[in-house]
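Source file input_28.pdb; content: PDB, C-alpha atoms, pLDDT in the B column.
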ATOM      1  CA  MET A   1      29.567 -68.389 -38.400  1.00 83.00           C
ATOM      2  CA  ALA A   2      31.870 -67.430 -35.517  1.00 83.00           C
ATOM      3  CA  ARG A   3      32.570 -64.093 -37.203  1.00 84.00           C
ATOM      4  CA  ASN A   4      28.843 -63.356 -37.497  1.00 87.00           C
ATOM      5  CA  LEU A   5      28.284 -64.285 -33.860  1.00 87.00           C
ATOM      6  CA  LEU A   6      31.180 -62.058 -32.800  1.00 88.00           C
ATOM      7  CA  ALA A   7      29.751 -59.175 -34.858  1.00 89.00           C
ATOM      8  CA  ILE A   8      26.338 -59.618 -33.229  1.00 89.00           C
ATOM      9  CA  ILE A   9      27.836 -59.668 -29.718  1.00 89.00           C
ATOM     10  CA  ALA A  10      30.014 -56.619 -30.447  1.00 89.00           C
ATOM     11  CA  GLY A  11      26.998 -54.736 -31.812  1.00 88.00           C
ATOM     12  CA  ARG A  12      24.949 -55.503 -28.723  1.00 89.00           C
ATOM     13  CA  MET A  13      27.807 -54.407 -26.461  1.00 90.00           C
ATOM     14  CA  ARG A  14      28.067 -51.097 -28.344  1.00 89.00           C
ATOM     15  CA  ASN A  15      24.308 -50.574 -28.048  1.00 89.00           C
ATOM     16  CA  ASP A  16      24.341 -51.398 -24.325  1.00 90.00           C
ATOM     17  CA  LYS A  17      27.259 -49.023 -23.730  1.00 89.00           C
ATOM     18  CA  SER A  18      25.482 -46.275 -25.651  1.00 89.00           C
ATOM     19  CA  ALA A  19      22.286 -46.866 -23.659  1.00 90.00           C
ATOM     20  CA  LEU A  20      24.202 -46.703 -20.361  1.00 91.00           C
ATOM     21  CA  ILE A  21      25.903 -43.442 -21.334  1.00 92.00           C
ATOM     22  CA  THR A  22      22.573 -41.938 -22.392  1.00 92.00           C
ATOM     23  CA  MET A  23      20.942 -43.061 -19.145  1.00 93.00           C
ATOM     24  CA  HIS A  24      23.802 -41.606 -17.080  1.00 92.00           C
ATOM     25  CA  ASN A  25      23.564 -38.264 -18.924  1.00 92.00           C
ATOM     26  CA  LYS A  26      19.774 -38.135 -18.465  1.00 93.00           C
ATOM     27  CA  LYS A  27      20.132 -38.920 -14.749  1.00 91.00           C
ATOM     28  CA  ALA A  28      22.644 -36.087 -14.316  1.00 88.00           C
ATOM     29  CA  GLN A  29      20.359 -33.747 -16.272  1.00 88.00           C
ATOM     30  CA  PHE A  30      17.315 -34.650 -14.140  1.00 87.00           C
ATOM     31  CA  LYS A  31      19.315 -34.220 -10.934  1.00 82.00           C
ATOM     32  CA  HIS A  32      20.474 -30.776 -12.084  1.00 80.00           C
ATOM     33  CA  GLN A  33      16.915 -29.773 -13.035  1.00 82.00           C
ATOM     34  CA  ALA A  34      15.636 -30.909  -9.645  1.00 79.00           C
ATOM     35  CA  CYS A  35      18.188 -28.818  -7.750  1.00 76.00           C
ATOM     36  CA  VAL A  36      18.654 -25.712  -9.893  1.00 80.00           C
ATOM     37  CA  ASP A  37      16.028 -23.139 -10.807  1.00 81.00           C
ATOM     38  CA  ALA A  38      15.641 -23.042 -14.594  1.00 84.00           C
ATOM     39  CA  LEU A  39      14.920 -19.310 -14.689  1.00 86.00           C
ATOM     40  CA  THR A  40      17.749 -17.976 -12.533  1.00 83.00           C
ATOM     41  CA  GLY A  41      20.319 -20.771 -12.569  1.00 79.00           C
ATOM     42  CA  ILE A  42      20.666 -20.705  -8.778  1.00 79.00           C
ATOM     43  CA  HIS A  43      19.834 -23.499  -6.370  1.00 71.00           C
ATOM     44  CA  LYS A  44      16.212 -23.907  -5.362  1.00 70.00           C
ATOM     45  CA  PRO A  45      15.037 -23.281  -1.795  1.00 62.00           C
ATOM     46  CA  LEU A  46      16.351 -25.822   0.655  1.00 57.00           C
ATOM     47  CA  ASP A  47      14.291 -28.872   1.323  1.00 55.00           C
ATOM     48  CA  GLY A  48      17.133 -30.876   2.812  1.00 52.00           C
ATOM     49  CA  ARG A  49      17.918 -32.651  -0.448  1.00 54.00           C
ATOM     50  CA  SER A  50      18.528 -29.944  -3.047  1.00 49.00           C
ATOM     51  CA  LEU A  51      21.703 -28.541  -1.507  1.00 55.00           C
ATOM     52  CA  PRO A  52      24.635 -29.684  -3.624  1.00 56.00           C
ATOM     53  CA  PRO A  53      27.443 -31.626  -1.977  1.00 60.00           C
ATOM     54  CA  ARG A  54      30.267 -29.627  -0.464  1.00 60.00           C
ATOM     55  CA  PRO A  55      33.152 -29.088  -2.879  1.00 62.00           C
ATOM     56  CA  ALA A  56      36.170 -31.240  -2.045  1.00 63.00           C
ATOM     57  CA  SER A  57      38.222 -28.162  -1.144  1.00 60.00           C
ATOM     58  CA  LEU A  58      35.773 -27.320   1.657  1.00 59.00           C
ATOM     59  CA  ARG A  59      35.739 -30.896   2.975  1.00 60.00           C
ATOM     60  CA  ILE A  60      39.526 -31.074   3.105  1.00 64.00           C
ATOM     61  CA  LYS A  61      40.017 -27.674   4.735  1.00 63.00           C
ATOM     62  CA  GLN A  62      36.955 -28.072   6.998  1.00 64.00           C
ATOM     63  CA  THR A  63      35.911 -24.606   5.836  1.00 62.00           C
ATOM     64  CA  ALA A  64      32.541 -23.315   6.943  1.00 64.00           C
ATOM     65  CA  ARG A  65      29.864 -22.643   4.383  1.00 63.00           C
ATOM     66  CA  ALA A  66      26.937 -20.279   4.368  1.00 69.00           C
ATOM     67  CA  ILE A  67      23.526 -20.141   2.754  1.00 71.00           C
ATOM     68  CA  MET A  68      22.035 -16.894   1.514  1.00 74.00           C
ATOM     69  CA  VAL A  69      18.310 -16.257   1.386  1.00 76.00           C
ATOM     70  CA  ALA A  70      17.166 -13.135  -0.442  1.00 79.00           C
ATOM     71  CA  ASP A  71      13.791 -11.457  -0.715  1.00 85.00           C
ATOM     72  CA  ILE A  72      12.830  -8.837  -3.305  1.00 88.00           C
ATOM     73  CA  ASP A  73      10.659  -6.248  -1.587  1.00 90.00           C
ATOM     74  CA  HIS A  74       7.331  -5.455  -3.253  1.00 90.00           C
ATOM     75  CA  PHE A  75       7.974  -7.968  -6.043  1.00 90.00           C
ATOM     76  CA  LYS A  76       4.265  -8.683  -6.420  1.00 92.00           C
ATOM     77  CA  ARG A  77       3.784  -5.047  -7.390  1.00 93.00           C
ATOM     78  CA  ILE A  78       6.292  -5.497 -10.247  1.00 91.00           C
ATOM     79  CA  ASN A  79       4.412  -8.547 -11.543  1.00 91.00           C
ATOM     80  CA  ASP A  80       1.017  -6.850 -11.185  1.00 93.00           C
ATOM     81  CA  THR A  81       2.125  -3.602 -12.826  1.00 94.00           C
ATOM     82  CA  TYR A  82       4.451  -4.782 -15.599  1.00 94.00           C
ATOM     83  CA  GLY A  83       3.576  -8.454 -16.033  1.00 94.00           C
ATOM     84  CA  HIS A  84       5.298 -11.764 -15.374  1.00 92.00           C
ATOM     85  CA  VAL A  85       7.756 -11.411 -18.255  1.00 94.00           C
ATOM     86  CA  VAL A  86       9.228  -8.292 -16.656  1.00 93.00           C
ATOM     87  CA  GLY A  87       9.117 -10.054 -13.280  1.00 92.00           C
ATOM     88  CA  ASP A  88      11.148 -12.937 -14.732  1.00 92.00           C
ATOM     89  CA  VAL A  89      13.697 -10.463 -16.084  1.00 93.00           C
ATOM     90  CA  ALA A  90      13.909  -8.834 -12.649  1.00 91.00           C
ATOM     91  CA  PHE A  91      14.513 -12.252 -11.042  1.00 88.00           C
ATOM     92  CA  LYS A  92      17.284 -12.965 -13.540  1.00 91.00           C
ATOM     93  CA  ILE A  93      18.926  -9.599 -12.888  1.00 92.00           C
ATOM     94  CA  VAL A  94      18.868 -10.078  -9.112  1.00 89.00           C
ATOM     95  CA  ALA A  95      20.237 -13.634  -9.441  1.00 87.00           C
ATOM     96  CA  ARG A  96      22.998 -12.459 -11.782  1.00 88.00           C
ATOM     97  CA  CYS A  97      23.940  -9.648  -9.351  1.00 89.00           C
ATOM     98  CA  LEU A  98      24.138 -12.132  -6.486  1.00 84.00           C
ATOM     99  CA  LEU A  99      26.244 -14.592  -8.471  1.00 81.00           C
ATOM    100  CA  GLU A 100      28.606 -11.874  -9.710  1.00 84.00           C
ATOM    101  CA  ASN A 101      29.074 -10.216  -6.315  1.00 83.00           C
ATOM    102  CA  VAL A 102      29.428 -13.182  -3.974  1.00 75.00           C
ATOM    103  CA  ARG A 103      32.983 -14.393  -3.661  1.00 67.00           C
ATOM    104  CA  PRO A 104      33.608 -17.525  -5.787  1.00 56.00           C
ATOM    105  CA  MET A 105      34.946 -19.417  -2.761  1.00 48.00           C
ATOM    106  CA  ILE A 106      31.456 -19.210  -1.302  1.00 42.00           C
ATOM    107  CA  CYS A 107      29.505 -19.944  -4.481  1.00 43.00           C
ATOM    108  CA  TRP A 108      28.838 -23.530  -5.451  1.00 47.00           C
ATOM    109  CA  PRO A 109      31.049 -24.538  -8.405  1.00 46.00           C
ATOM    110  CA  ASP A 110      28.208 -25.145 -10.872  1.00 47.00           C
ATOM    111  CA  MET A 111      26.637 -21.780 -10.011  1.00 44.00           C
ATOM    112  CA  ALA A 112      29.878 -19.836 -10.340  1.00 43.00           C
ATOM    113  CA  ALA A 113      30.469 -21.378 -13.757  1.00 45.00           C
ATOM    114  CA  LYS A 114      27.185 -19.907 -15.077  1.00 45.00           C
ATOM    115  CA  SER A 115      28.022 -16.324 -14.128  1.00 40.00           C
TER     116      SER A 115
END
Mind turning the file's structure into structure tokens?
Amino acid sequence: MARNLLAIIAGRMRNDKSALITMHNKKAQFKHQACVDALTGIHKPLDGRSLPPRPASLRIKQTARAIMVADIDHFKRINDTYGHVVGDVAFKIVARCLLENVRPMICWPDMAAKS
């Protein structure tokens, strides 16, 4: 009887641990989706909450950080002429160029890893 009870308790503990791990992974996934644009892989426009935390190296060194805002001139004309699929490709190309040409010390770690 004690062995059966121990097996039941161990099974419930395994299930609870699995549920906690799944919940933690989902929370991290939702947080990432809330902060990062799915199309380009770069951080969404600032609303005061979507900026990722400073990397530890910047906090320790008290290094300044910068935010870049880019605008694609006449982008509406691209969408109107060639369609939204081509517009999405253009967005991806511009985002990739920015990520590849900005020094990694300035890029956020999760953005630099995608380039």
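Residue membership of the PyMOL selection byres ((chain A and resi 40) around 8) in the shown file amounts to Asp37, Ala38, Leu39, Gly41, Ile42, Phe91, Lys92, Ala95 and Arg96 of chain A.
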Give me a file of those residues, with C-alpha atoms, as an mmCIF file, keeping the file's coordinate frame.
data_model
loop_
_atom_site.group_PDB
_atom_site.id
_atom_site.type_symbol
_atom_site.label_atom_id
_atom_site.label_comp_id
_atom_site.auth_asym_id
_atom_site.auth_seq_id
_atom_site.Cartn_x
_atom_site.Cartn_y
_atom_site.Cartn_z
ATOM 1 C CA ASP A 37 16.028 -23.139 -10.807
ATOM 2 C CA ALA A 38 15.641 -23.042 -14.594
ATOM 3 C CA LEU A 39 14.920 -19.310 -14.689
ATOM 4 C CA GLY A 41 20.319 -20.771 -12.569
ATOM 5 C CA ILE A 42 20.666 -20.705 -8.778
ATOM 6 C CA PHE A 91 14.513 -12.252 -11.042
ATOM 7 C CA LYS A 92 17.284 -12.965 -13.540
ATOM 8 C CA ALA A 95 20.237 -13.634 -9.441
ATOM 9 C CA ARG A 96 22.998 -12.459 -11.782
#
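Atom pair atom CA of Gln29 of chain A / atom CA of Cys97 of chain A: separated by 25.3 Å.
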Can you pull out the residues contacting Phe75 of chain A? Cut-off 10 Å, using only C-alpha atoms, and skip same-chain residues under 4 positions away; I want them as a PyMOL selection string. chain A and resi 71+79-81+87+90-91
